[in-house]
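Heads up, my_file.cif below (mmCIF, C-alpha atoms and all ligand atoms):
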```
data_structure
#
loop_
_atom_site.label_atom_id
_atom_site.label_comp_id
_atom_site.auth_asym_id
_atom_site.auth_seq_id
_atom_site.Cartn_x
_atom_site.Cartn_y
_atom_site.Cartn_z
CA MET A 268 175.64 118.26 121.73
CA ARG A 269 172.57 118.25 119.57
CA SER A 270 172.64 120.75 116.79
CA LYS A 271 169.32 120.10 115.11
CA ARG A 272 166.08 121.85 115.95
CA PRO A 273 163.17 120.06 117.61
CA ALA A 274 160.28 119.13 115.33
CA ILE A 275 156.50 119.39 115.58
CA LEU A 276 153.96 117.31 113.68
CA ILE A 277 150.48 118.84 113.55
CA VAL A 278 147.78 116.39 112.43
CA ILE A 279 144.40 117.99 111.62
CA ASP A 280 141.87 115.16 111.39
CA GLY A 281 139.83 115.07 108.18
CA LEU A 282 141.21 118.27 106.62
CA THR A 283 140.99 117.88 102.84
CA PRO A 284 143.65 119.29 100.50
CA SER A 285 141.18 121.61 98.77
CA THR A 286 139.88 123.03 102.07
CA PHE A 287 143.46 123.65 103.17
CA GLU A 288 144.46 125.17 99.82
CA ASN A 289 141.39 127.44 99.70
CA ALA A 290 141.90 128.62 103.28
CA VAL A 291 145.55 129.41 102.56
CA GLY A 292 144.57 131.06 99.27
CA ASP A 293 142.13 133.52 100.84
CA ARG A 294 143.99 133.60 104.17
CA SER A 295 140.88 132.63 106.14
CA ALA A 296 143.14 130.42 108.25
CA PRO A 297 145.81 133.02 109.09
CA THR A 298 148.24 130.85 111.04
CA LEU A 299 148.22 128.01 108.52
CA SER A 300 148.60 130.62 105.75
CA ALA A 301 151.64 132.13 107.43
CA LEU A 302 153.17 128.67 107.86
CA ALA A 303 152.46 127.93 104.18
CA ASP A 304 154.29 131.16 103.25
CA ALA A 305 157.32 129.91 105.18
CA GLY A 306 157.31 126.35 103.88
CA SER A 307 156.60 124.08 100.96
CA TYR A 308 153.40 122.24 100.19
CA ARG A 309 152.19 119.18 98.30
CA ARG A 310 149.32 116.72 98.34
CA ALA A 311 150.15 113.36 99.89
CA VAL A 312 148.43 109.98 100.13
CA THR A 313 147.30 108.19 103.28
CA THR A 314 146.72 104.48 103.86
CA PHE A 315 143.64 102.28 103.23
CA PRO A 316 141.05 101.95 104.74
CA SER A 317 141.25 105.73 105.09
CA LEU A 318 139.82 105.77 108.62
CA THR A 319 141.33 107.55 111.60
CA PRO A 320 142.57 104.63 113.77
CA VAL A 321 144.25 103.07 110.72
CA CYS A 322 145.61 106.37 109.39
CA LEU A 323 146.96 107.74 112.68
CA THR A 324 148.64 104.39 113.36
CA SER A 325 150.23 104.52 109.90
CA ILE A 326 151.53 108.03 110.58
CA ALA A 327 152.92 107.01 113.98
CA THR A 328 154.50 103.73 112.82
CA GLY A 329 155.56 104.78 109.32
CA ALA A 330 153.86 101.72 107.90
CA HIS A 331 150.70 100.38 106.32
CA PRO A 332 148.33 97.99 108.17
CA ASP A 333 150.24 94.87 107.05
CA VAL A 334 152.88 95.99 109.55
CA HIS A 335 150.87 97.71 112.31
CA HIS A 336 147.77 95.42 112.21
CA ILE A 337 145.07 98.05 112.94
CA PRO A 338 142.55 97.23 110.18
CA HIS A 339 139.48 99.48 110.49
CA LEU A 340 137.24 101.43 112.87
CA VAL A 341 135.37 98.20 113.49
CA TRP A 342 136.70 94.65 113.02
CA TRP A 343 136.32 91.03 114.00
CA HIS A 344 138.86 89.77 116.54
CA ARG A 345 139.43 86.18 115.38
CA ASP A 346 141.18 84.95 118.54
CA GLU A 347 138.69 86.53 120.96
CA ARG A 348 135.70 85.90 118.65
CA ARG A 349 134.21 89.36 119.13
CA VAL A 350 133.78 92.70 117.41
CA VAL A 351 136.26 95.48 118.22
CA GLU A 352 134.69 98.92 117.81
CA TYR A 353 136.83 102.08 118.17
CA GLY A 354 133.98 104.59 118.08
CA SER A 355 132.10 104.72 114.77
CA SER A 356 129.21 106.35 116.65
CA PHE A 357 127.77 106.39 120.17
CA GLY A 358 125.19 103.85 118.99
CA ALA A 359 127.88 101.56 117.59
CA ILE A 360 129.82 101.80 120.85
CA ARG A 361 126.70 100.80 122.76
CA ALA A 362 126.02 97.94 120.32
CA ALA A 363 129.54 96.55 120.77
CA GLY A 364 129.46 97.05 124.55
CA THR A 365 130.23 100.51 125.91
CA ARG A 366 132.79 99.60 128.54
CA ARG A 367 134.63 97.21 126.24
CA SER A 368 134.69 99.71 123.35
CA ILE A 369 136.03 102.52 125.51
CA ARG A 370 138.80 100.23 126.76
CA ASP A 371 139.57 99.00 123.24
CA THR A 372 139.84 102.58 122.00
CA ILE A 373 141.77 104.10 124.89
CA VAL A 374 144.12 101.26 125.78
CA GLY A 375 143.53 98.05 123.79
CA MET A 376 144.42 99.56 120.42
CA ASN A 377 147.91 100.42 121.67
CA ARG A 378 148.52 97.66 124.22
CA ASP A 379 146.92 94.63 122.51
CA HIS A 380 146.03 95.32 118.85
CA LEU A 381 149.02 97.32 117.62
CA ALA A 382 151.62 94.81 116.38
CA LYS A 383 154.44 94.28 118.87
CA ASP A 384 157.12 94.49 116.17
CA ALA A 385 155.78 97.68 114.63
CA GLU A 386 157.86 100.57 115.96
CA THR A 387 156.15 103.84 116.85
CA ILE A 388 157.80 107.21 116.32
CA TYR A 389 157.80 107.58 120.11
CA GLU A 390 159.66 104.30 120.65
CA ALA A 391 162.15 105.11 117.89
CA GLY A 392 162.71 108.65 119.17
CA GLU A 393 163.19 107.68 122.79
CA ARG A 394 165.54 104.86 121.80
CA ALA A 395 167.61 107.54 120.07
CA GLY A 396 167.70 109.52 123.33
CA LEU A 397 165.11 112.11 122.36
CA THR A 398 162.32 113.49 124.53
CA VAL A 399 159.14 112.70 122.60
CA ALA A 400 155.71 114.21 123.29
CA ALA A 401 152.25 113.12 122.16
CA VAL A 402 149.04 115.12 122.55
CA ASN A 403 145.71 113.32 122.06
CA ILE A 404 146.82 111.09 119.14
CA THR A 405 145.21 107.63 119.38
CA CYS A 406 148.43 105.78 118.46
CA TYR A 407 150.76 106.69 121.31
CA ARG A 408 152.66 103.55 122.42
CA GLY A 409 155.91 104.41 124.17
CA PRO A 410 158.16 103.14 126.97
CA HIS A 411 156.69 105.00 129.97
CA ARG A 412 153.88 103.68 132.16
CA TYR A 413 150.90 105.90 133.02
CA VAL A 414 147.92 105.39 135.31
CA PRO A 415 144.68 107.23 134.47
CA THR A 416 143.88 110.54 136.14
CA VAL A 417 140.41 109.13 136.88
CA PRO A 418 141.13 106.05 139.03
CA GLY A 419 139.48 102.87 137.77
CA PHE A 420 138.23 104.39 134.51
CA ALA A 421 140.84 102.62 132.42
CA PRO A 422 143.91 100.42 132.97
CA ALA A 423 147.45 101.73 133.04
CA THR A 424 149.02 102.33 129.64
CA PHE A 425 152.40 103.06 128.06
CA GLY A 426 153.22 106.31 126.26
CA PRO A 427 156.10 108.65 125.46
CA ARG A 428 157.96 110.75 128.04
CA ARG A 429 155.56 113.69 127.60
CA PHE A 430 152.08 112.33 127.21
CA PHE A 431 148.71 114.08 127.24
CA PHE A 432 145.66 112.06 126.26
CA TYR A 433 142.25 113.77 126.64
CA ASN A 434 143.48 114.50 130.19
CA LEU A 435 142.83 110.87 131.03
CA TYR A 436 146.57 110.27 131.03
CA GLU A 437 149.01 113.09 131.75
CA SER A 438 152.75 112.88 132.19
CA ASP A 439 152.79 116.33 133.81
CA PRO A 440 150.06 118.23 135.66
CA ILE A 441 149.04 121.12 133.40
CA GLY A 442 145.77 122.07 135.09
CA ALA A 443 143.57 121.99 131.96
CA PRO A 444 139.89 121.13 132.53
CA LEU A 445 138.38 117.84 131.34
CA ALA A 446 136.60 118.47 128.08
CA VAL A 447 135.68 115.21 126.35
CA ARG A 448 131.99 115.49 127.20
CA ASN A 449 131.40 118.68 125.22
CA ARG A 450 132.88 117.64 121.90
CA SER A 451 130.67 119.82 119.68
CA GLY A 452 131.91 122.86 121.61
CA GLY A 453 135.40 122.25 120.27
CA SER A 454 136.74 121.62 123.72
CA VAL A 455 138.77 118.51 122.82
CA ASP A 456 141.11 120.69 120.81
CA GLU A 457 141.12 123.28 123.60
CA TYR A 458 142.56 120.62 125.89
CA ALA A 459 145.14 119.69 123.22
CA ALA A 460 146.08 123.36 122.85
CA ALA A 461 146.53 123.76 126.61
CA ALA A 462 148.89 120.77 126.64
CA ALA A 463 150.83 122.01 123.61
CA ARG A 464 151.12 125.51 125.06
CA TRP A 465 152.58 123.99 128.20
CA LEU A 466 155.11 121.98 126.16
CA VAL A 467 156.24 124.84 123.90
CA THR A 468 156.48 127.29 126.80
CA ARG A 469 158.87 124.93 128.58
CA ASP A 470 160.63 123.82 125.40
CA GLY A 471 159.85 120.38 126.82
CA PHE A 472 160.49 118.08 123.83
CA ASP A 473 162.64 117.19 120.86
CA LEU A 474 159.67 115.85 118.92
CA LEU A 475 156.00 116.71 119.44
CA VAL A 476 153.01 115.01 117.80
CA TYR A 477 150.02 117.34 118.17
CA TYR A 478 146.67 115.93 117.10
CA LEU A 479 143.58 118.09 116.54
CA SER A 480 140.38 116.11 116.11
CA ASP A 481 137.51 118.59 116.05
CA LEU A 482 137.61 119.41 112.32
CA ASP A 483 136.74 115.84 111.31
CA PHE A 484 133.69 115.97 113.57
CA ALA A 485 132.48 119.18 111.88
CA SER A 486 133.16 117.78 108.42
CA HIS A 487 131.11 114.63 109.10
CA LEU A 488 128.25 116.87 110.20
CA HIS A 489 128.33 119.62 107.57
CA GLY A 490 130.34 118.09 104.72
CA PRO A 491 133.98 118.78 103.81
CA ASP A 492 133.29 122.10 102.06
CA ASP A 493 131.41 123.55 105.02
CA VAL A 494 133.99 123.55 107.77
CA ARG A 495 135.12 127.17 107.53
CA GLU A 496 133.96 128.07 111.03
CA GLN A 497 135.69 125.07 112.59
CA LEU A 498 138.84 125.63 110.53
CA VAL A 499 139.17 129.12 112.05
CA LYS A 500 139.02 127.49 115.50
CA THR A 501 141.52 124.81 114.45
CA ASP A 502 143.80 127.53 113.09
CA GLY A 503 143.56 129.12 116.55
CA SER A 504 144.72 125.84 118.09
CA VAL A 505 147.79 126.02 115.84
CA ARG A 506 148.30 129.68 116.67
CA VAL A 507 148.58 128.72 120.35
CA LEU A 508 151.89 126.99 119.55
CA VAL A 509 153.14 129.94 117.51
CA ASP A 510 152.23 132.43 120.25
CA ALA A 511 153.83 130.25 122.94
CA ALA A 512 157.07 130.38 120.93
CA GLY A 513 156.92 134.18 120.71
CA GLY A 514 155.49 134.62 117.21
CA LEU A 515 155.86 133.07 113.79
CA ASP A 516 159.47 134.04 113.13
CA SER A 517 160.78 132.53 116.33
CA PHE A 518 158.44 129.53 115.95
CA VAL A 519 159.83 128.53 112.55
CA GLU A 520 163.34 129.38 113.70
CA ARG A 521 162.99 127.16 116.76
CA TYR A 522 161.14 124.20 115.18
CA SER A 523 160.90 122.15 112.03
CA VAL A 524 157.19 121.68 111.33
CA LEU A 525 155.02 119.28 109.36
CA VAL A 526 151.27 119.89 109.02
CA CYS A 527 149.04 117.21 107.50
CA SER A 528 145.75 115.42 107.93
CA ASP A 529 145.16 111.71 108.41
CA HIS A 530 142.68 111.32 105.54
CA GLY A 531 140.37 113.34 103.30
CA GLN A 532 136.57 113.47 103.31
CA THR A 533 133.92 113.40 100.60
CA HIS A 534 130.22 114.22 100.52
CA VAL A 535 127.81 111.38 101.24
CA ARG A 536 124.11 111.46 100.39
CA ASP A 537 123.05 107.85 100.98
CA ALA A 538 123.82 104.80 103.11
CA VAL A 539 123.26 101.04 103.01
CA ARG A 540 123.72 98.23 105.48
CA LEU A 541 126.46 96.20 103.79
CA GLU A 542 125.59 93.01 105.70
CA GLU A 543 122.17 92.87 104.01
CA HIS A 544 123.85 92.49 100.61
CA VAL A 545 126.50 89.87 101.43
CA HIS A 546 125.20 86.47 100.39
CA ALA A 547 127.76 84.09 101.89
CA PRO A 548 128.40 82.77 105.38
CA ALA A 549 130.26 85.77 106.80
CA ILE A 550 130.81 88.31 109.53
CA VAL A 551 130.57 91.82 108.10
CA THR A 552 132.07 94.90 109.74
CA ALA A 553 131.36 98.27 108.14
CA SER A 554 131.59 101.93 109.03
CA ASN A 555 131.87 105.16 107.07
CA ARG A 556 133.08 104.31 103.53
CA ALA A 557 134.85 100.99 104.06
CA GLY A 558 133.75 97.49 104.92
CA MET A 559 135.33 94.13 105.65
CA ILE A 560 133.94 90.64 105.19
CA TYR A 561 135.29 87.76 107.28
CA THR A 562 134.43 84.61 105.36
CA ASP A 563 135.70 81.26 104.08
CA GLU A 564 134.17 82.10 100.70
CA PRO A 565 135.70 85.41 99.63
CA ARG A 566 134.84 85.08 95.94
CA VAL A 567 131.18 84.27 96.66
CA ALA A 568 130.94 87.13 99.16
CA ALA A 569 132.66 89.56 96.76
CA ALA A 570 130.48 88.54 93.80
CA SER A 571 127.30 89.05 95.83
CA LEU A 572 128.13 92.77 95.83
CA ASP A 573 128.51 93.02 92.03
CA ALA A 574 125.29 94.93 91.48
CA VAL A 575 125.24 96.95 94.69
CA GLU A 576 125.29 100.65 93.82
CA ALA A 577 126.91 101.61 97.13
CA VAL A 578 129.99 99.49 96.37
CA ASP A 579 132.74 100.88 94.17
CA ALA A 580 135.16 97.94 94.28
CA VAL A 581 136.00 94.88 96.36
CA PHE A 582 139.36 93.24 96.97
CA PHE A 583 140.44 89.79 98.13
CA VAL A 584 143.32 87.35 97.82
CA GLU A 585 142.97 84.21 95.69
CA GLY A 586 145.81 81.80 95.02
CA GLY A 587 148.21 84.25 96.64
CA ALA A 588 147.31 87.09 94.25
CA VAL A 589 145.24 90.21 94.90
CA VAL A 590 141.91 90.20 93.05
CA ALA A 591 140.25 93.56 92.40
CA ARG A 592 136.61 93.37 91.36
CA LYS A 593 134.43 96.17 90.03
CA ASP A 594 131.10 96.11 88.18
CA GLY A 595 131.12 92.31 88.14
CA ASP A 596 134.57 91.82 86.60
CA ASP A 597 137.97 90.84 87.99
CA ASP A 598 140.36 93.50 86.75
CA ALA A 599 143.61 94.23 88.57
CA ALA A 600 144.18 97.20 86.27
CA ILE A 601 141.53 99.19 88.18
CA LEU A 602 143.96 99.41 91.10
CA ASP A 603 145.95 101.95 89.12
CA ALA A 604 142.92 104.26 89.04
CA TYR A 605 143.38 105.00 92.76
CA PRO A 606 146.24 106.85 94.48
CA LEU A 607 148.87 104.17 95.25
CA GLY A 608 146.06 101.66 94.73
CA ARG A 609 148.17 98.50 94.43
CA GLU A 610 150.43 99.26 97.37
CA ARG A 611 147.58 100.22 99.68
CA VAL A 612 145.18 97.39 98.82
CA GLU A 613 147.89 94.76 99.07
CA ALA A 614 149.02 96.06 102.48
CA ALA A 615 145.43 96.26 103.77
CA LEU A 616 144.72 92.65 102.71
CA ARG A 617 147.99 91.36 104.22
CA ASN A 618 146.92 92.60 107.67
CA PRO A 619 146.12 89.49 109.77
CA ASN A 620 143.24 91.37 111.46
CA ALA A 621 141.56 92.37 108.18
CA GLY A 622 138.59 90.57 106.65
CA GLU A 623 139.16 88.27 103.69
CA VAL A 624 137.27 90.78 101.52
CA LEU A 625 137.73 94.56 101.65
CA VAL A 626 134.96 96.83 100.39
CA SER A 627 135.51 100.37 99.14
CA ALA A 628 132.32 102.45 98.90
CA ALA A 629 131.18 104.26 95.76
CA PRO A 630 131.25 108.09 95.63
CA GLY A 631 128.37 109.56 97.64
CA TRP A 632 127.71 106.34 99.57
CA GLU A 633 128.31 105.29 103.11
CA LEU A 634 128.14 101.87 104.79
CA ALA A 635 126.09 102.08 107.99
CA ASP A 636 127.77 101.01 111.24
CA LEU A 637 126.70 98.44 113.86
CA ALA A 638 123.91 100.72 115.06
CA GLY A 639 122.80 101.66 111.53
CA MET A 640 124.32 105.14 111.96
CA HIS A 641 125.81 107.08 109.03
CA HIS A 642 126.58 110.65 107.92
CA ALA A 643 124.33 110.93 104.83
CA GLY A 644 123.93 114.63 104.07
CA GLY A 645 127.39 115.35 105.50
CA GLY A 646 130.90 114.04 104.92
CA SER A 647 132.69 110.73 105.30
CA HIS A 648 135.83 108.79 104.34
CA GLY A 649 137.37 105.33 104.36
CA SER A 650 137.45 104.38 100.69
CA LEU A 651 140.34 103.98 98.27
CA THR A 652 139.21 106.97 96.15
CA ALA A 653 141.32 110.12 95.85
CA GLY A 654 138.85 112.29 97.78
CA ASP A 655 139.10 110.12 100.89
CA SER A 656 142.79 109.31 100.42
CA GLU A 657 144.55 112.57 99.61
CA VAL A 658 145.77 114.84 102.39
CA PRO A 659 147.43 118.24 102.58
CA MET A 660 151.13 118.02 103.50
CA LEU A 661 152.99 121.20 104.48
CA GLY A 662 156.62 121.23 105.54
CA VAL A 663 158.47 124.10 107.18
CA GLY A 664 162.14 123.23 107.46
CA ILE A 665 161.27 119.68 106.32
CA GLU A 666 160.63 118.48 102.79
CA PRO A 667 156.94 117.39 102.80
CA PRO A 668 156.74 113.64 102.07
CA ALA A 669 154.46 112.11 99.41
CA ARG A 670 152.90 109.51 101.70
CA THR A 671 151.76 109.78 105.30
CA ILE A 672 153.75 106.61 106.07
CA ASP A 673 156.90 108.64 105.28
CA VAL A 674 156.14 111.26 107.96
CA LYS A 675 157.77 109.25 110.77
CA ASN A 676 161.16 108.96 109.08
CA ALA A 677 161.06 112.54 107.80
CA LEU A 678 160.58 113.80 111.37
CA LEU A 679 163.19 111.48 112.91
CA ALA A 680 165.71 112.54 110.26
CA ALA A 681 164.96 116.19 111.01
CA VAL A 682 165.68 115.91 114.74
CA SER A 683 168.48 113.35 115.03
ZN ZN B 1 136.15 110.75 110.48
#
```
Could you render the structure from this file as structure tokens?
Amino acid sequence: MRSKRPAILIVIDGLTPSTFENAVGDRSAPTLSALADAGSYRRAVTTFPSLTPVCLTSIATGAHPDVHHIPHLVWWHRDERRVVEYGSSFGAIRAAGTRRSIRDTIVGMNRDHLAKDAETIYEAGERAGLTVAAVNITCYRGPHRYVPTVPGFAPATFGPRRFFFYNLYESDPIGAPLAVRNRSGGSVDEYAAAAARWLVTRDGFDLLVYYLSDLDFASHLHGPDDVREQLVKTDGSVRVLVDAAGGLDSFVERYSVLVCSDHGQTHVRDAVRLEEHVHAPAIVTASNRAGMIYTDEPRVAAASLDAVEAVDAVFFVEGGAVVARKDGDDDAAILDAYPLGRERVEAALRNPNAGEVLVSAAPGWELADLAGMHHAGGGSHGSLTAGDSEVPMLGVGIEPPARTIDVKNALLAAVS
């Protein structure tokens, strides 16, 4: 007999700590405020590069990229000699090959790119005999095979026992309409909410990972301090769970809950094309506020960025040691100026899919993607700085962990 309560992880993409704290402070997000009243809160730190595919994979595997091998939104696949692009922008997807990019994002990331010996929370949970559910999160690898609801659109994939992915893959027919095409209308989260309502109504899981993506989209567009309208909608997508459980008291009685985001966001006012500034034989992949340089000459490539205003710091390995370079000097001490700087840079560099040089953008700057697209005038993330790296972390019935890579074990300990 199991005595422990099921647990729910709610990941709100791109929600910054200050936006969360302000909304709880003035109760403009009523459901999140009520959960905050019932739980305990802290700021936590995500992984680096602080970009969604990397960050969600770190949450789901409980590890940095040295273990899970997802390096960036866009990267160079050394074995296949091609760029992998997970969706920096529609233009970048077109530039990398639309069909290929969609497959990489939907299936390849989990089936081919995610390290085989990294263990997802879904694999760990199901091995322990739990029923695990995932809604819309991009890192979903589990033991059960699924064919797409739209035949031929994508290959079969493997997810947890309860699996709902932009209604392209569904473990159970829930009758929610397809909504991916009208993203700005907030309908991606409406689909997620329909799936989560179905799960809570049936009490159909021991562990649920519920991912809400629309807030990040709004924050890129308007900037991180201008997402109030979307946050009210996102709060409504959380309220759906609470209502399905019969109100807040029974919700927190029935479930242990963690609420966090995958990364922060900061304002950006300018953008550069990183590849125009790298003076070494290299392949450069850049998007949002992080870049990678694949080169046999890391020091030359790194030094060519010394005077580039858009670059805050660059990192590479030389003689087995991590070199951190800023304003033209090697200085490992600068790593301590960032949240968990040493740990996160070292792990990012030790990822076999990462470039030899990692680039963290300066405050206010973005590195344009393959199509030259950027979010100047809005918000972005990806760098090692606190604004991109810190996330809100709220626990109800679970002690909120200090790092997003500790979320997996905190949840597994809560339910088993
Ligand atoms: Zn984003």
With all atoms listed in the file as the atoms that count, which of A:Glu437, A:Asp655, A:Asp293, A:Asp470 lies nearest to A:Gly531?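 So, comparing all the options, the nearest one is A:Asp655.
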Within-9 Å residues of ligand ZN 1 (chain B), basis only C-alpha atoms and all ligand atoms, as a PyMOL selection string: chain A and resi 280-281+317-319+355+480+482-484+486-487+530-532+555+646-649
Within 9 Å of stretch 366-370 of chain A using only C-alpha atoms, minus same-chain residues under 6 positions, as a PDB file with C-alpha atoms, keeping the file's coordinate frame:
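The result, stored in part_25.pdb:
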```
ATOM      1  CA  VAL A 351     136.260  95.480 118.220  1.00  0.00           C
ATOM      2  CA  GLU A 352     134.690  98.920 117.810  1.00  0.00           C
ATOM      3  CA  TYR A 353     136.830 102.080 118.170  1.00  0.00           C
ATOM      4  CA  GLY A 354     133.980 104.590 118.080  1.00  0.00           C
ATOM      5  CA  ILE A 360     129.820 101.800 120.850  1.00  0.00           C
ATOM      6  CA  MET A 376     144.420  99.560 120.420  1.00  0.00           C
ATOM      7  CA  PHE A 420     138.230 104.390 134.510  1.00  0.00           C
ATOM      8  CA  ALA A 421     140.840 102.620 132.420  1.00  0.00           C
ATOM      9  CA  PRO A 422     143.910 100.420 132.970  1.00  0.00           C
TER      10      PRO A 422
END
```
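Put simply, atom CA of A:Ala401 is 20.6 Å away from atom CA of A:Leu299.
Between atom CA of A:Glu585 and atom CA of A:Leu637 the separation is 28.2 Å.
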Find, counting all atoms listed in the file, the residue in A:Glu390, A:Glu633, A:Asp384, A:Asp304 that gets nearest to A:His336.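 The shortest atom-to-atom distance to A:His336 comes from A:Asp384.
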At a cut-off of 10 Å, can you tabulate as CSV every residue of stretch 287-380 of chain A near stretch 493-502 of chain A together with its closest atom pair and the distance in Å to one decimal, using all atoms listed in the file and ordering rows by chain then number?
```
residue,atom,partner,partner_atom,distance
A:Phe287,CA,A:Leu498,CA,8.9
A:Ala290,CA,A:Arg495,CA,8.1
A:Ser295,CA,A:Val499,CA,7.1
A:Ala296,CA,A:Val499,CA,5.6
A:Pro297,CA,A:Asp502,CA,7.1
A:Thr298,CA,A:Asp502,CA,5.9
A:Leu299,CA,A:Asp502,CA,6.4
A:Ser300,CA,A:Asp502,CA,9.3
```
What lies within 10 Å of A:Val278 using all atoms listed in the file, ignoring chain neighbours under 4 positions off, as a PyMOL selection string? chain A and resi 282+323+326+404+476-480+525-530+660
Stretch 383-403 of chain A from the block above: C-alpha atoms written as a PDB file, in the first residue's frame:
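Generated file (decode_11.pdb):
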```pdb
ATOM      1  CA  LYS A 383      20.874   7.052 -23.394  1.00  0.00           C
ATOM      2  CA  ASP A 384      22.318   6.766 -19.889  1.00  0.00           C
ATOM      3  CA  ALA A 385      20.622   9.897 -18.582  1.00  0.00           C
ATOM      4  CA  GLU A 386      17.523   8.825 -16.658  1.00  0.00           C
ATOM      5  CA  THR A 387      14.334  10.856 -16.977  1.00  0.00           C
ATOM      6  CA  ILE A 388      11.935  11.348 -14.095  1.00  0.00           C
ATOM      7  CA  TYR A 389       9.408   9.333 -16.106  1.00  0.00           C
ATOM      8  CA  GLU A 390      11.770   6.370 -16.506  1.00  0.00           C
ATOM      9  CA  ALA A 391      12.761   6.496 -12.834  1.00  0.00           C
ATOM     10  CA  GLY A 392       9.150   6.799 -11.674  1.00  0.00           C
ATOM     11  CA  GLU A 393       7.810   3.999 -13.827  1.00  0.00           C
ATOM     12  CA  ARG A 394      10.701   1.743 -12.810  1.00  0.00           C
ATOM     13  CA  ALA A 395       9.567   2.334  -9.227  1.00  0.00           C
ATOM     14  CA  GLY A 396       6.060   1.213 -10.188  1.00  0.00           C
ATOM     15  CA  LEU A 397       4.497   4.671 -10.353  1.00  0.00           C
ATOM     16  CA  THR A 398       2.083   5.978 -12.966  1.00  0.00           C
ATOM     17  CA  VAL A 399       3.817   9.027 -14.424  1.00  0.00           C
ATOM     18  CA  ALA A 400       2.160  11.692 -16.575  1.00  0.00           C
ATOM     19  CA  ALA A 401       3.666  14.369 -18.813  1.00  0.00           C
ATOM     20  CA  VAL A 402       1.785  17.241 -20.438  1.00  0.00           C
ATOM     21  CA  ASN A 403       3.497  19.173 -23.257  1.00  0.00           C
TER      22      ASN A 403
END
```
